[in-house]
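What follows is the content of upload_1.tsv (TSV, C-alpha atoms).
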```
chain	number	residue	atom	x	y	z
A	10	MET	CA	27.89	11.91	-0.72
A	11	GLY	CA	27.16	11.62	-4.46
A	12	ASP	CA	28.65	14.10	-6.92
A	13	LYS	CA	25.22	15.49	-7.80
A	14	ASN	CA	24.36	16.18	-4.16
A	15	LEU	CA	27.80	17.74	-3.60
A	16	ASN	CA	27.32	20.02	-6.60
A	17	ASP	CA	23.85	20.99	-5.36
A	18	LEU	CA	25.26	21.87	-1.95
A	19	LEU	CA	28.07	23.94	-3.46
A	20	ARG	CA	25.70	25.85	-5.75
A	21	TRP	CA	23.27	26.50	-2.90
A	22	SER	CA	26.10	27.68	-0.65
A	23	ILE	CA	27.47	30.09	-3.26
A	24	GLU	CA	24.04	31.55	-4.03
A	25	ASN	CA	23.32	32.10	-0.34
A	26	THR	CA	26.67	33.63	0.56
A	27	ALA	CA	26.34	37.31	1.50
A	28	SER	CA	27.85	39.43	-1.26
A	29	GLY	CA	26.90	43.05	-0.38
A	30	PRO	CA	29.36	45.63	1.01
A	31	ASP	CA	27.91	45.18	4.48
A	32	GLY	CA	27.96	41.39	4.19
A	33	ILE	CA	24.18	41.24	3.72
A	34	THR	CA	22.22	40.47	0.57
A	35	ASP	CA	18.50	40.90	-0.04
A	36	GLU	CA	18.59	38.73	-3.14
A	37	ALA	CA	16.44	35.62	-2.89
A	38	PRO	CA	18.23	32.30	-3.41
A	39	ARG	CA	17.99	31.05	-6.98
A	40	SER	CA	17.84	27.36	-6.06
A	41	THR	CA	16.72	25.12	-3.23
A	42	LEU	CA	18.23	21.92	-1.90
A	43	ASN	CA	16.67	18.66	-3.00
A	44	PRO	CA	15.77	16.18	-0.25
A	45	GLU	CA	18.82	14.01	-0.93
A	46	ALA	CA	21.24	16.93	-0.65
A	47	LEU	CA	19.46	18.29	2.42
A	48	ALA	CA	19.62	14.89	4.09
A	49	ALA	CA	23.33	14.69	3.28
A	50	LEU	CA	23.88	18.17	4.73
A	51	MET	CA	22.03	17.32	7.95
A	52	GLY	CA	23.59	13.90	8.25
A	53	GLY	CA	20.25	12.06	8.06
A	54	PRO	CA	19.36	9.06	5.93
A	55	SER	CA	18.68	9.69	2.26
A	56	ASP	CA	15.43	8.70	0.56
A	57	ALA	CA	17.29	5.76	-0.97
A	58	ASP	CA	18.33	4.63	2.51
A	59	LEU	CA	14.76	4.95	3.76
A	60	MET	CA	13.45	2.95	0.80
A	61	ARG	CA	15.95	0.15	1.46
A	62	GLU	CA	15.07	0.14	5.16
A	63	SER	CA	11.34	0.01	4.40
A	64	MET	CA	11.70	-2.96	2.07
A	65	ALA	CA	14.02	-4.73	4.50
A	66	ALA	CA	11.32	-4.48	7.17
A	67	ILE	CA	8.58	-5.59	4.77
A	68	VAL	CA	10.34	-8.79	3.69
A	69	SER	CA	11.96	-9.56	7.05
A	70	SER	CA	11.31	-12.95	8.62
A	71	ASP	CA	12.11	-11.58	12.08
A	72	PRO	CA	9.10	-12.50	14.27
A	73	GLU	CA	9.58	-9.30	16.25
A	74	ILE	CA	8.63	-7.26	13.16
A	75	THR	CA	4.86	-7.43	13.31
A	76	LEU	CA	2.37	-7.21	10.46
A	77	GLU	CA	1.48	-3.72	11.66
A	78	SER	CA	5.13	-2.71	11.43
A	79	LYS	CA	5.38	-4.13	7.92
A	80	LEU	CA	2.28	-2.18	6.85
A	81	THR	CA	3.74	0.99	8.32
A	82	ALA	CA	6.95	0.37	6.36
A	83	PHE	CA	4.86	-0.14	3.21
A	84	ASP	CA	3.00	3.12	3.87
A	85	ASN	CA	6.33	4.93	4.22
A	86	LEU	CA	7.60	3.38	0.98
A	87	GLU	CA	4.45	4.38	-0.90
A	88	GLN	CA	4.83	7.99	0.24
A	89	LEU	CA	8.49	8.04	-0.80
A	90	ILE	CA	7.80	6.77	-4.31
A	91	GLU	CA	5.17	9.42	-4.95
A	92	SER	CA	8.25	11.30	-6.18
A	93	LEU	CA	9.12	10.23	-9.74
A	94	ASP	CA	12.82	10.29	-8.91
A	95	ASN	CA	12.29	7.95	-5.98
A	96	ALA	CA	9.98	5.71	-8.02
A	97	ASN	CA	12.78	5.28	-10.54
A	98	LEU	CA	15.16	4.45	-7.69
A	99	LEU	CA	13.23	1.20	-7.21
A	100	SER	CA	15.09	-0.22	-10.18
A	101	LYS	CA	18.51	1.13	-9.22
A	102	LEU	CA	18.14	-0.20	-5.68
A	103	GLY	CA	16.93	-3.63	-6.82
A	104	LEU	CA	13.58	-3.22	-5.06
A	105	TRP	CA	11.24	-4.10	-7.92
A	106	THR	CA	11.67	-7.86	-7.51
A	107	PRO	CA	10.86	-8.01	-3.77
A	108	LEU	CA	7.99	-5.57	-4.32
A	109	LEU	CA	6.41	-7.78	-6.98
A	110	GLU	CA	6.95	-10.87	-4.83
A	111	CYS	CA	4.82	-9.22	-2.17
A	112	LEU	CA	1.87	-9.47	-4.56
A	113	ALA	CA	1.79	-13.17	-3.67
A	114	HIS	CA	2.22	-12.73	0.09
A	115	ASP	CA	0.09	-14.82	2.43
A	116	GLU	CA	-1.31	-11.68	4.09
A	117	ALA	CA	-3.97	-9.88	2.05
A	118	GLU	CA	-3.00	-6.52	3.56
A	119	ILE	CA	0.56	-6.96	2.31
A	120	ARG	CA	-0.70	-7.85	-1.17
A	121	LEU	CA	-2.92	-4.77	-1.15
A	122	MET	CA	-0.08	-2.46	-0.14
A	123	ALA	CA	2.22	-4.01	-2.74
A	124	ALA	CA	-0.33	-3.34	-5.49
A	125	TRP	CA	-0.79	0.19	-4.18
A	126	CYS	CA	2.96	0.83	-4.34
A	127	VAL	CA	3.17	-0.59	-7.85
A	128	GLY	CA	0.35	1.70	-8.98
A	129	THR	CA	2.03	4.74	-7.43
A	130	ALA	CA	5.41	3.90	-8.95
A	131	VAL	CA	4.17	3.48	-12.53
A	132	GLN	CA	1.69	6.35	-12.67
A	133	ASN	CA	2.72	8.70	-15.51
A	134	ASN	CA	6.19	7.19	-15.30
A	135	GLU	CA	7.41	5.41	-18.43
A	136	PRO	CA	10.73	4.09	-17.00
A	137	SER	CA	8.85	2.38	-14.17
A	138	GLN	CA	6.18	1.11	-16.56
A	139	GLU	CA	8.97	-0.42	-18.63
A	140	ARG	CA	10.43	-2.20	-15.61
A	141	LEU	CA	7.03	-3.56	-14.63
A	142	VAL	CA	6.57	-5.04	-18.09
A	143	ALA	CA	10.10	-6.46	-18.17
A	144	LEU	CA	9.62	-8.23	-14.83
A	145	GLY	CA	6.24	-9.77	-15.70
A	146	GLY	CA	4.34	-7.51	-13.33
A	147	VAL	CA	1.50	-6.70	-15.73
A	148	GLU	CA	0.51	-10.37	-16.02
A	149	LYS	CA	0.50	-10.65	-12.23
A	150	LEU	CA	-1.79	-7.63	-11.89
A	151	VAL	CA	-4.18	-9.00	-14.51
A	152	GLN	CA	-4.42	-12.33	-12.70
A	153	MET	CA	-5.11	-10.56	-9.40
A	154	ALA	CA	-7.66	-8.26	-11.02
A	155	VAL	CA	-9.66	-11.18	-12.38
A	156	GLY	CA	-9.70	-12.76	-8.92
A	157	LYS	CA	-6.85	-15.28	-8.92
A	158	ARG	CA	-4.30	-15.67	-6.13
A	159	LEU	CA	-0.73	-15.65	-7.37
A	160	PRO	CA	1.49	-18.64	-6.59
A	161	PRO	CA	4.19	-17.99	-3.98
A	162	PRO	CA	7.48	-16.73	-5.42
A	163	ALA	CA	10.23	-19.29	-5.95
A	164	SER	CA	12.23	-17.86	-3.04
A	165	ALA	CA	9.30	-18.37	-0.66
A	166	SER	CA	8.72	-21.91	-1.91
A	167	ALA	CA	12.38	-22.79	-1.40
A	168	SER	CA	12.43	-21.46	2.15
A	169	ALA	CA	9.06	-22.87	3.29
A	170	SER	CA	9.29	-25.56	5.93
A	171	ALA	CA	6.61	-27.68	4.27
A	172	PRO	CA	7.28	-29.09	0.78
A	173	ALA	CA	5.52	-27.15	-1.97
A	174	ALA	CA	2.76	-28.78	-3.98
A	175	VAL	CA	3.85	-28.66	-7.61
A	176	ASN	CA	2.22	-29.77	-10.81
A	177	GLY	CA	3.80	-31.67	-13.68
A	178	GLU	CA	5.34	-28.47	-15.04
A	179	GLY	CA	7.02	-27.65	-11.74
A	180	ARG	CA	4.73	-24.77	-10.79
A	181	ASP	CA	3.85	-24.20	-7.15
A	182	GLU	CA	0.10	-24.73	-6.81
A	183	ARG	CA	-0.41	-23.93	-3.13
A	184	ASN	CA	-2.64	-20.98	-4.05
A	185	SER	CA	-4.22	-22.68	-7.06
A	186	GLY	CA	-7.99	-22.22	-7.04
A	187	LYS	CA	-7.93	-19.63	-4.28
A	188	GLU	CA	-9.83	-16.41	-4.90
A	189	GLU	CA	-8.20	-13.03	-4.38
A	190	ALA	CA	-9.75	-10.71	-1.79
A	191	LYS	CA	-12.09	-8.06	-3.19
A	192	ASN	CA	-10.16	-5.07	-1.82
A	193	VAL	CA	-6.89	-6.50	-3.18
A	194	ARG	CA	-8.51	-6.96	-6.60
A	195	ARG	CA	-9.58	-3.31	-6.60
A	196	LYS	CA	-6.07	-2.14	-5.73
A	197	ALA	CA	-4.62	-4.41	-8.42
A	198	LEU	CA	-6.98	-2.74	-10.89
A	199	TYR	CA	-5.71	0.66	-9.80
A	200	ALA	CA	-2.15	-0.49	-10.43
A	201	LEU	CA	-3.09	-2.06	-13.77
A	202	SER	CA	-4.85	1.12	-14.87
A	203	SER	CA	-1.76	3.19	-14.05
A	204	ALA	CA	0.52	0.67	-15.75
A	205	VAL	CA	-1.19	0.58	-19.14
A	206	ARG	CA	-2.11	4.22	-19.69
A	207	ASN	CA	0.05	5.92	-22.31
A	208	TYR	CA	2.41	2.93	-22.49
A	209	GLN	CA	1.55	0.62	-25.39
A	210	PRO	CA	3.81	-2.33	-24.43
A	211	ALA	CA	1.99	-2.65	-21.10
A	212	MET	CA	-1.42	-2.37	-22.77
A	213	ASP	CA	-0.49	-5.08	-25.26
A	214	VAL	CA	0.68	-7.43	-22.49
A	215	CYS	CA	-2.47	-6.69	-20.50
A	216	ALA	CA	-4.71	-7.50	-23.45
A	217	ALA	CA	-2.85	-10.72	-24.21
A	218	GLU	CA	-3.07	-11.87	-20.58
A	219	LEU	CA	-6.78	-11.02	-20.37
A	220	ARG	CA	-7.38	-13.20	-23.43
A	221	ARG	CA	-5.33	-15.99	-21.83
A	222	GLN	CA	-7.48	-15.69	-18.70
A	223	GLY	CA	-10.69	-15.97	-20.74
A	224	GLU	CA	-11.57	-12.28	-20.42
A	225	SER	CA	-11.40	-11.40	-24.11
A	226	GLU	CA	-14.73	-9.57	-24.02
A	227	HIS	CA	-12.87	-6.63	-22.50
A	228	VAL	CA	-10.16	-6.42	-25.18
A	229	GLY	CA	-11.47	-8.13	-28.29
A	230	GLY	CA	-10.12	-11.21	-30.01
A	231	GLU	CA	-6.64	-12.01	-31.27
A	232	GLY	CA	-5.33	-9.28	-33.55
A	233	SER	CA	-7.36	-6.57	-31.83
A	234	SER	CA	-5.37	-3.67	-30.45
A	235	ILE	CA	-6.24	-1.10	-27.81
A	236	ASP	CA	-4.60	2.29	-28.09
A	237	ALA	CA	-2.91	3.01	-24.76
A	238	THR	CA	-3.19	6.75	-25.42
A	239	ASP	CA	-6.98	6.53	-25.87
A	240	MET	CA	-8.21	7.06	-22.32
A	241	ASP	CA	-11.80	6.20	-23.22
A	242	ALA	CA	-10.69	2.84	-24.65
A	243	VAL	CA	-8.55	2.11	-21.58
A	244	ASP	CA	-11.47	3.05	-19.33
A	245	VAL	CA	-13.68	0.50	-21.12
A	246	VAL	CA	-11.20	-2.25	-20.23
A	247	ILE	CA	-10.63	-1.18	-16.61
A	248	ASN	CA	-14.30	-0.43	-15.89
A	249	GLY	CA	-15.32	-3.76	-17.40
A	250	LEU	CA	-13.01	-5.52	-14.97
A	251	LYS	CA	-14.23	-3.39	-12.05
A	252	GLN	CA	-17.79	-4.46	-12.69
A	253	LYS	CA	-16.76	-8.07	-12.13
A	254	VAL	CA	-15.42	-7.40	-8.64
A	255	PRO	CA	-18.21	-8.33	-6.18
A	256	SER	CA	-19.45	-5.57	-3.93
A	257	ALA	CA	-18.26	-5.69	-0.33
```
Can you give me the file's structure in the form of C-alpha cells?
Amino acid sequence: MGDKNLNDLLRWSIENTASGPDGITDEAPRSTLNPEALAALMGGPSDADLMRESMAAIVSSDPEITLESKLTAFDNLEQLIESLDNANLLSKLGLWTPLLECLAHDEAEIRLMAAWCVGTAVQNNEPSQERLVALGGVEKLVQMAVGKRLPPPASASASASAPAAVNGEGRDERNSGKEEAKNVRRKALYALSSAVRNYQPAMDVCAAELRRQGESEHVGGEGSSIDATDMDAVDVVINGLKQKVPSA
C-alpha cells in the first residue's frame, strides 16, 4: 500500500475512534477515504490496477477477448478517467501510448472509444493536455477530424503477418486514402475541442496541423494565432470543422 493511502487510512481511523467517556462520539468524521485507500482497506483492486487491466484487455491479441469485451473495457476506462487524478495516472502507468495507438485501430468502434477517452482525459486538465501534445496526439486528432484514417502504429506494422506497404519515406500507407467514419470524426472533434481549450501549446499545434492539411480557412494563414482562452475563437475553429462532417 502506498504511503499516501496508509496515511489516509491512519487519519481516518484516528478521527473515527470513539473518544467519549462512554466510548461513543457524536462527532462527524472530518475526512473520508479516497477510492484508492478504500480499495486498499477492503483488499480490492485499486483504480490504477483497473486501468491497467482495462488497457490490457483492449490491446490484447487473445482471440477469446471479443470486440464487445474490448469495448466494455474501454467504457470502464473512460469512466475511471473522469477523475482528474486517474486521468493523470495515464502518464504514470504508461497508458498514453497504447491509448493513442488505438486511434489507428482497424475497428471503427475502437477508434471512437479511444478518441472519447482522450477527450475525457484532457478536459480541463493541463497535465494531460501537455502529455497529449508531447506524444503527437493533437496532430492525430486533427487528421481524424478532417476525415483521414491514421496509419497503423509501428508496433502493429511490425507484428502484422502481411508485409506493410510503405512509401519512399518508410511510412506505412495501408490506410492511405481511406476516409474516417463520420461518428469517429465527431468524437475526434470532441477530443480536439477538449485538448485545445485553455492550453495554448495544443491550440498552436492544432492550427499548424490544420494548415498542413489544407484547412487554413479555419485558423488563418501563417503567423495567425488563436487565443486558446478565447472560447468564441475556439468555437469558430471547432464548429467550422463540424460543418464539414457529412450528416449520417
**Request:** Select, from A:Arg61, A:Thr81, A:Gln209, A:Asp236, the residue with the minimum atom-to-atom distance to Glu139 of chain A, counting only C-alpha atoms.
**Result:** A:Gln209
**Request:** Grab the atom CA of Ala65 of chain A to atom CA of Ile119 of chain A distance for me, in Å with one decimal place.
**Result:** 13.8 Å
**Expected residue set, 9 Å radius at (-2.6, -3.9, -19.8), all atoms listed in the file, as a ChimeraX atom specification** = /A:147-148,150-151,201-202,204-206,208-219,237,243,246
**Request:** Find, counting all atoms listed in the file, the residue in A:Gln252, A:Asn97, A:Gln152, A:Ser69 that gets nearest to Arg140 of chain A.
**Result:** A:Asn97
**Atom-to-atom span, atom CA of Val68 of chain A and atom CA of Leu121 of chain A, Å** = 14.7 Å
**Message:** Report, in Å with one decimal, the straight-line distance from atom CA of Ala154 of chain A to atom CA of Arg194 of chain A.
**Reply:** 4.7 Å
